[in-house]
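Chemist: Mind having a look at this structure? Questions to follow.
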Amino acid sequence: MRHAVIALLLLAAAQPARYDLVLRNGRIVDGTGSPWYRGDVAIADDTIAAIAPSIDASAARTIDVHGAVIAPGFIDIHTHARRGIFEVPTAPNYVGQGVTTVIEGPDGSSPLPLAPFLAKLNDLHKTPNIGLFVGQGSVREAVIGSVDRKATADELQKERDIVEQAMKDGAFGLSTGLFYVPGTFTPTEEVIELARVAGTYGGMHESHQRDEASKLIDSVKETIRIGEEGHLPTQISHAKAMGVASWGKSEEMLRLVDEARARGVDVTLDQYPYTASSTSVAAALMPAWLLEGGNEKTLARLKDPTTRAKAKLEVIDRIKNERGGGDPKNVQFASCAFDPSLNGRNLADATHRHDLTETVENAAETAMWIVEKGGCSGIFHAISEDDIVRILRHPATMIASDGEVPVFGRANPHPRSYGTFARVLGVYVREKRVITLEDAIRKMSSFPAARLRLTDRGVLRPGMKADIAVFDPATVRDTATYEKPHSYAEGFSVVIVNGQVAFENGQMTSARPGIVLRPAR
Ligand SMILES: [Zn+2]
């Protein structure tokens, strides 16, 4: 008898554990928007194997989460992660706030061709999963250059071919940056032609709109039209209304979205929860005609007094009414290669340092001088809280950071890279109660997954890939600010990517489980 027991025990010990990992005692928020429930989650290899009120089967490892939320890993549909991912392949700014997938190639800008870049990403030992859009601006740049004219029939065919190849290589769709040079030189009809190609392959369109300020509503109509006539899903990226004169326009934007959806156009939005945006000082404050044709031409134009005076008037207008937020103090520098001591300072400081009094006119002069010096990236404080709340509440809005992978401590980036997801959960769910916890998680997981046609991620369900974020809803918060952006989010205890624990106890682990994702076809 005794021998039999020992034999059984030995047999049990020799049996491999049924699961690799079990998370116990969670509040499961499954990503669909359904209310949370108590349960355990079992993982085998890279897959969720079981979810049940209590899982007692053997596991190689068990983690008691003590009532914390267990949610699907967050999918960030709009990032500039190629800025930094090769230097910091763990992307702790993202993973530490529950993001397990980052999507690149936004705003009309992507590497071309896609295949070698995807291969390079594939070879990188990285923590998050990553996928790509193909950028319309990059396509146009490759075929036509950065000039303000229509494409010839021949050029348009070349652009179509590049988009088609990118879709075959694994792009999730076509991104546009019609605000930027050279995207801004593209007629809507040309964008639609390329959107059709992406749509044929099951892709979507996402847009950094042509104008997020005075002509916002025209731009929303254009984004909807690209979806409607291009026959594919379309998305307003980082939805916002820039400049005091445009505050409140989110109401009409959302009405147009609702009307389009009612007639069958699949239009959605994404958003980051901050009252400032970020891009280059040149793109934000200089007119497109000044930037046409590249840097040398820009510098030559600025040397000509008449042209400079003409540009200055437009820069003044942009500071007063658009991205400048009405005051040079609202233009903050993120990274200035020519003078890093400007990082974190604002355009009023720079104007002062440039030996000028801090008027808007002198600030415009200083901004042009900065562009001549090689330029800076900036943070532009020009968005109203009311618009943020209104857009966030809309059911067709998902969360996306528009961020990058910062090198910790370097420059003064927008805090969104460190805090977007934690901020929504801390400020807009817990403190302001703008949306529920379950809806916030849906906007971070199943919604972007469905948008990208990632059929095996974004929901906690047996058979899905085990991308998981565990956090305490009572303490989750962002800590990155405009003054001190290099600061990690708090409240996350465990983050799992493809079944492997990538973040635990406030630290990245040695796991590098991230893979390159392609849409299901
Ligand atoms: Zn953008």
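Just remember, in the structure tokens the first chain shown is A, the second B, etc., residues are 1-based per chain, and ligands are 1-based in the order shown.
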Please provide as a list in words all residues within 12 Å of A:Ala59, with the sequence filter that same-chain residues fewer than 4 positions apart are discarded (counting only C-alpha atoms).
Modeler: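 With the cut-off at 12 Å, the set is Ala13, Gln15, Pro16, Ala17, Arg18, Tyr19, Asp20, Leu21, Val22, Leu23, Arg24, Val41, Ala42, Ile43, Ala44, Asp45, Ala49, Ala50, Ile55 and Ile63 of chain A.
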Chemist: Those same residues, written as a compact mmCIF listing (two decimals), in the first residue's frame with N, CA, C and O atoms?
Modeler:
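The resulting file, selection-v4.txt, is shown below:
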# COMPACT_ATOMS: atom_id res chain seq x y z
N ALA A 13 4.68 13.42 -9.98
CA ALA A 13 5.81 14.33 -10.12
C ALA A 13 6.37 14.28 -11.54
O ALA A 13 6.85 15.27 -12.06
N GLN A 15 4.68 13.65 -14.22
CA GLN A 15 3.74 14.21 -15.20
C GLN A 15 4.04 15.68 -15.40
O GLN A 15 4.20 16.41 -14.43
N PRO A 16 4.10 16.12 -16.63
CA PRO A 16 4.26 17.57 -16.80
C PRO A 16 3.01 18.29 -16.31
O PRO A 16 1.92 17.74 -16.34
N ALA A 17 3.19 19.52 -15.82
CA ALA A 17 2.05 20.29 -15.35
C ALA A 17 1.07 20.50 -16.50
O ALA A 17 1.48 20.61 -17.65
N ARG A 18 -0.20 20.52 -16.13
CA ARG A 18 -1.22 20.69 -17.16
C ARG A 18 -1.12 22.07 -17.82
O ARG A 18 -1.28 22.23 -19.01
N TYR A 19 -0.83 23.08 -16.99
CA TYR A 19 -0.72 24.46 -17.49
C TYR A 19 0.66 25.02 -17.19
O TYR A 19 1.33 24.61 -16.24
N ASP A 20 1.06 26.00 -17.98
CA ASP A 20 2.34 26.67 -17.71
C ASP A 20 2.19 27.74 -16.64
O ASP A 20 3.10 28.00 -15.87
N LEU A 21 1.02 28.35 -16.63
CA LEU A 21 0.82 29.46 -15.69
C LEU A 21 -0.67 29.59 -15.38
O LEU A 21 -1.51 29.48 -16.28
N VAL A 22 -0.99 29.78 -14.10
CA VAL A 22 -2.37 30.09 -13.74
C VAL A 22 -2.38 31.39 -12.94
O VAL A 22 -1.61 31.56 -12.00
N LEU A 23 -3.22 32.33 -13.38
CA LEU A 23 -3.46 33.56 -12.63
C LEU A 23 -4.69 33.31 -11.78
O LEU A 23 -5.76 32.97 -12.31
N ARG A 24 -4.55 33.44 -10.45
CA ARG A 24 -5.67 33.11 -9.57
C ARG A 24 -6.27 34.36 -8.93
O ARG A 24 -5.59 35.35 -8.72
N VAL A 41 -7.37 32.33 -14.61
CA VAL A 41 -7.03 32.19 -16.03
C VAL A 41 -5.83 31.26 -16.15
O VAL A 41 -4.80 31.49 -15.50
N ALA A 42 -5.97 30.22 -16.95
CA ALA A 42 -4.86 29.27 -17.15
C ALA A 42 -4.28 29.45 -18.54
O ALA A 42 -5.00 29.63 -19.52
N ILE A 43 -2.94 29.39 -18.59
CA ILE A 43 -2.22 29.57 -19.84
C ILE A 43 -1.40 28.33 -20.12
O ILE A 43 -0.72 27.80 -19.23
N ALA A 44 -1.45 27.84 -21.36
CA ALA A 44 -0.58 26.75 -21.81
C ALA A 44 0.16 27.24 -23.05
O ALA A 44 -0.48 27.69 -24.01
N ASP A 45 1.47 27.21 -22.98
CA ASP A 45 2.28 27.74 -24.08
C ASP A 45 1.91 29.22 -24.31
O ASP A 45 1.90 29.99 -23.36
N ALA A 49 -5.72 28.77 -21.98
CA ALA A 49 -6.23 27.39 -22.05
C ALA A 49 -7.56 27.25 -21.35
O ALA A 49 -8.39 26.41 -21.75
N ALA A 50 -7.77 28.02 -20.28
CA ALA A 50 -9.02 27.88 -19.54
C ALA A 50 -9.29 29.15 -18.74
O ALA A 50 -8.36 29.84 -18.32
N ILE A 55 -9.46 27.34 -10.81
CA ILE A 55 -8.70 26.36 -11.57
C ILE A 55 -7.68 25.72 -10.63
O ILE A 55 -6.78 26.40 -10.14
N ILE A 63 0.24 32.46 -10.03
CA ILE A 63 0.36 33.80 -9.46
C ILE A 63 -1.00 34.18 -8.89
O ILE A 63 -2.00 34.18 -9.62
Chemist: Please identify all protein, DNA and RNA residues within 8 Å of ligand 1, counting only C-alpha atoms and all ligand atoms, and report them as a PDB file with N, CA, C and O atoms, in the first residue's frame.
Modeler:
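Output saved as selection.pdb:
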ATOM      1  N   PRO A 106       2.100  55.000 -38.936  1.00  0.00           N
ATOM      2  CA  PRO A 106       0.956  55.909 -38.926  1.00  0.00           C
ATOM      3  C   PRO A 106       1.239  57.202 -39.668  1.00  0.00           C
ATOM      4  O   PRO A 106       2.362  57.457 -40.113  1.00  0.00           O
ATOM      5  N   ASP A 107       0.214  58.042 -39.778  1.00  0.00           N
ATOM      6  CA  ASP A 107       0.371  59.418 -40.274  1.00  0.00           C
ATOM      7  C   ASP A 107       0.966  59.483 -41.677  1.00  0.00           C
ATOM      8  O   ASP A 107       1.653  60.442 -42.039  1.00  0.00           O
ATOM      9  N   GLY A 177      -1.238  60.916 -43.846  1.00  0.00           N
ATOM     10  CA  GLY A 177      -0.895  62.075 -43.027  1.00  0.00           C
ATOM     11  C   GLY A 177      -1.074  63.299 -43.895  1.00  0.00           C
ATOM     12  O   GLY A 177      -0.108  63.935 -44.311  1.00  0.00           O
ATOM     13  N   SER A 207      -6.232  58.026 -40.672  1.00  0.00           N
ATOM     14  CA  SER A 207      -5.767  59.324 -41.142  1.00  0.00           C
ATOM     15  C   SER A 207      -5.379  60.292 -40.030  1.00  0.00           C
ATOM     16  O   SER A 207      -6.165  60.549 -39.119  1.00  0.00           O
ATOM     17  N   HIS A 208      -4.162  60.817 -40.139  1.00  0.00           N
ATOM     18  CA  HIS A 208      -3.867  62.087 -39.470  1.00  0.00           C
ATOM     19  C   HIS A 208      -4.439  63.123 -40.420  1.00  0.00           C
ATOM     20  O   HIS A 208      -3.904  63.356 -41.500  1.00  0.00           O
ATOM     21  N   GLN A 209      -5.548  63.715 -40.033  1.00  0.00           N
ATOM     22  CA  GLN A 209      -6.351  64.491 -40.968  1.00  0.00           C
ATOM     23  C   GLN A 209      -5.617  65.724 -41.501  1.00  0.00           C
ATOM     24  O   GLN A 209      -4.706  66.234 -40.894  1.00  0.00           O
ATOM     25  N   SER A 237      -7.482  59.408 -36.831  1.00  0.00           N
ATOM     26  CA  SER A 237      -6.435  59.174 -35.846  1.00  0.00           C
ATOM     27  C   SER A 237      -6.366  60.338 -34.868  1.00  0.00           C
ATOM     28  O   SER A 237      -6.611  61.488 -35.235  1.00  0.00           O
ATOM     29  N   HIS A 238      -5.978  60.007 -33.632  1.00  0.00           N
ATOM     30  CA  HIS A 238      -5.840  61.006 -32.550  1.00  0.00           C
ATOM     31  C   HIS A 238      -6.841  62.157 -32.719  1.00  0.00           C
ATOM     32  O   HIS A 238      -6.461  63.314 -32.897  1.00  0.00           O
ATOM     33  N   THR A 279       4.363  67.134 -32.537  1.00  0.00           N
ATOM     34  CA  THR A 279       4.902  66.889 -33.872  1.00  0.00           C
ATOM     35  C   THR A 279       6.080  67.843 -34.040  1.00  0.00           C
ATOM     36  O   THR A 279       6.511  68.472 -33.070  1.00  0.00           O
ATOM     37  N   ASP A 402      -0.261  57.385 -29.956  1.00  0.00           N
ATOM     38  CA  ASP A 402       0.485  58.250 -30.887  1.00  0.00           C
ATOM     39  C   ASP A 402       1.915  58.451 -30.377  1.00  0.00           C
ATOM     40  O   ASP A 402       2.589  59.404 -30.763  1.00  0.00           O
TER      41      ASP A 402
END
Chemist: Quick one: everything within 12 Å of A:Trp289, counting only C-alpha atoms, minus sequence neighbours fewer than 6 positions away in the same chain. Send it as a ChimeraX atom specification.
Modeler: /A:146-149,180-182,184-185,282-283,295,297-298,301-302,307-308,310-311,314
Chemist: So how far away is atom CA of A:Asn343 from atom CA of A:Asn412, in Å?
Modeler: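 Separating atom CA of A:Asn412 from atom CA of A:Asn343 is a distance of 5.7 Å.
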Chemist: Please identify all polymer residues within 9 Å of A:Val497, counting only C-alpha atoms, omitting same-chain residues fewer than 6 positions from it, and present them as a VMD selection string.
Modeler: chain A and resid 46 73 100 to 101 127 to 129 465 to 469 511 to 514
Chemist: Let me make sure I understand: among A:Ala91, A:Ile103, A:Ala262, A:Leu425, which one has the smallest atom-to-atom distance to A:Tyr488 if we use only C-alpha atoms?
Modeler: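 Checking each candidate against A:Tyr488, we get A:Ala91 as the closest.
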Chemist: When you look at A:Glu212 with a cut-off of 12 Å (counting only C-alpha atoms), what residues show up, excluding the ones that are within fewer than 6 positions of it in the same chain? I need them as a ChimeraX atom specification.
Modeler: /A:177-180,218-220,223,236-247,249-250,253,277,284,318,321-323,382-383
Chemist: With distances taken over only C-alpha atoms, which of A:Ile28, A:Leu313, A:Pro519, A:Ala60 is nearest to A:Ala449?
Modeler: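 Of A:Ile28, A:Leu313, A:Pro519, A:Ala60, the one nearest A:Ala449 is A:Pro519, counting only C-alpha atoms.
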Chemist: Check the DSSP output for the backbone and give back, as a PyMOL selection string, the residues of stretch 193-364 of chain A in helix (DSSP H, G or I).
Modeler: chain A and resi 193-200+216-230+244-246+250-262+281-285+288-291+295-303+305-321+328-330+340-342+347-353+360-364
Chemist: Contacts of A:Leu452 at 9 Å or less, counting only C-alpha atoms, minus same-chain residues fewer than 3 places along, as a PyMOL selection string?
Modeler: chain A and resi 77+172-173+203-204+447-449+455+518-520
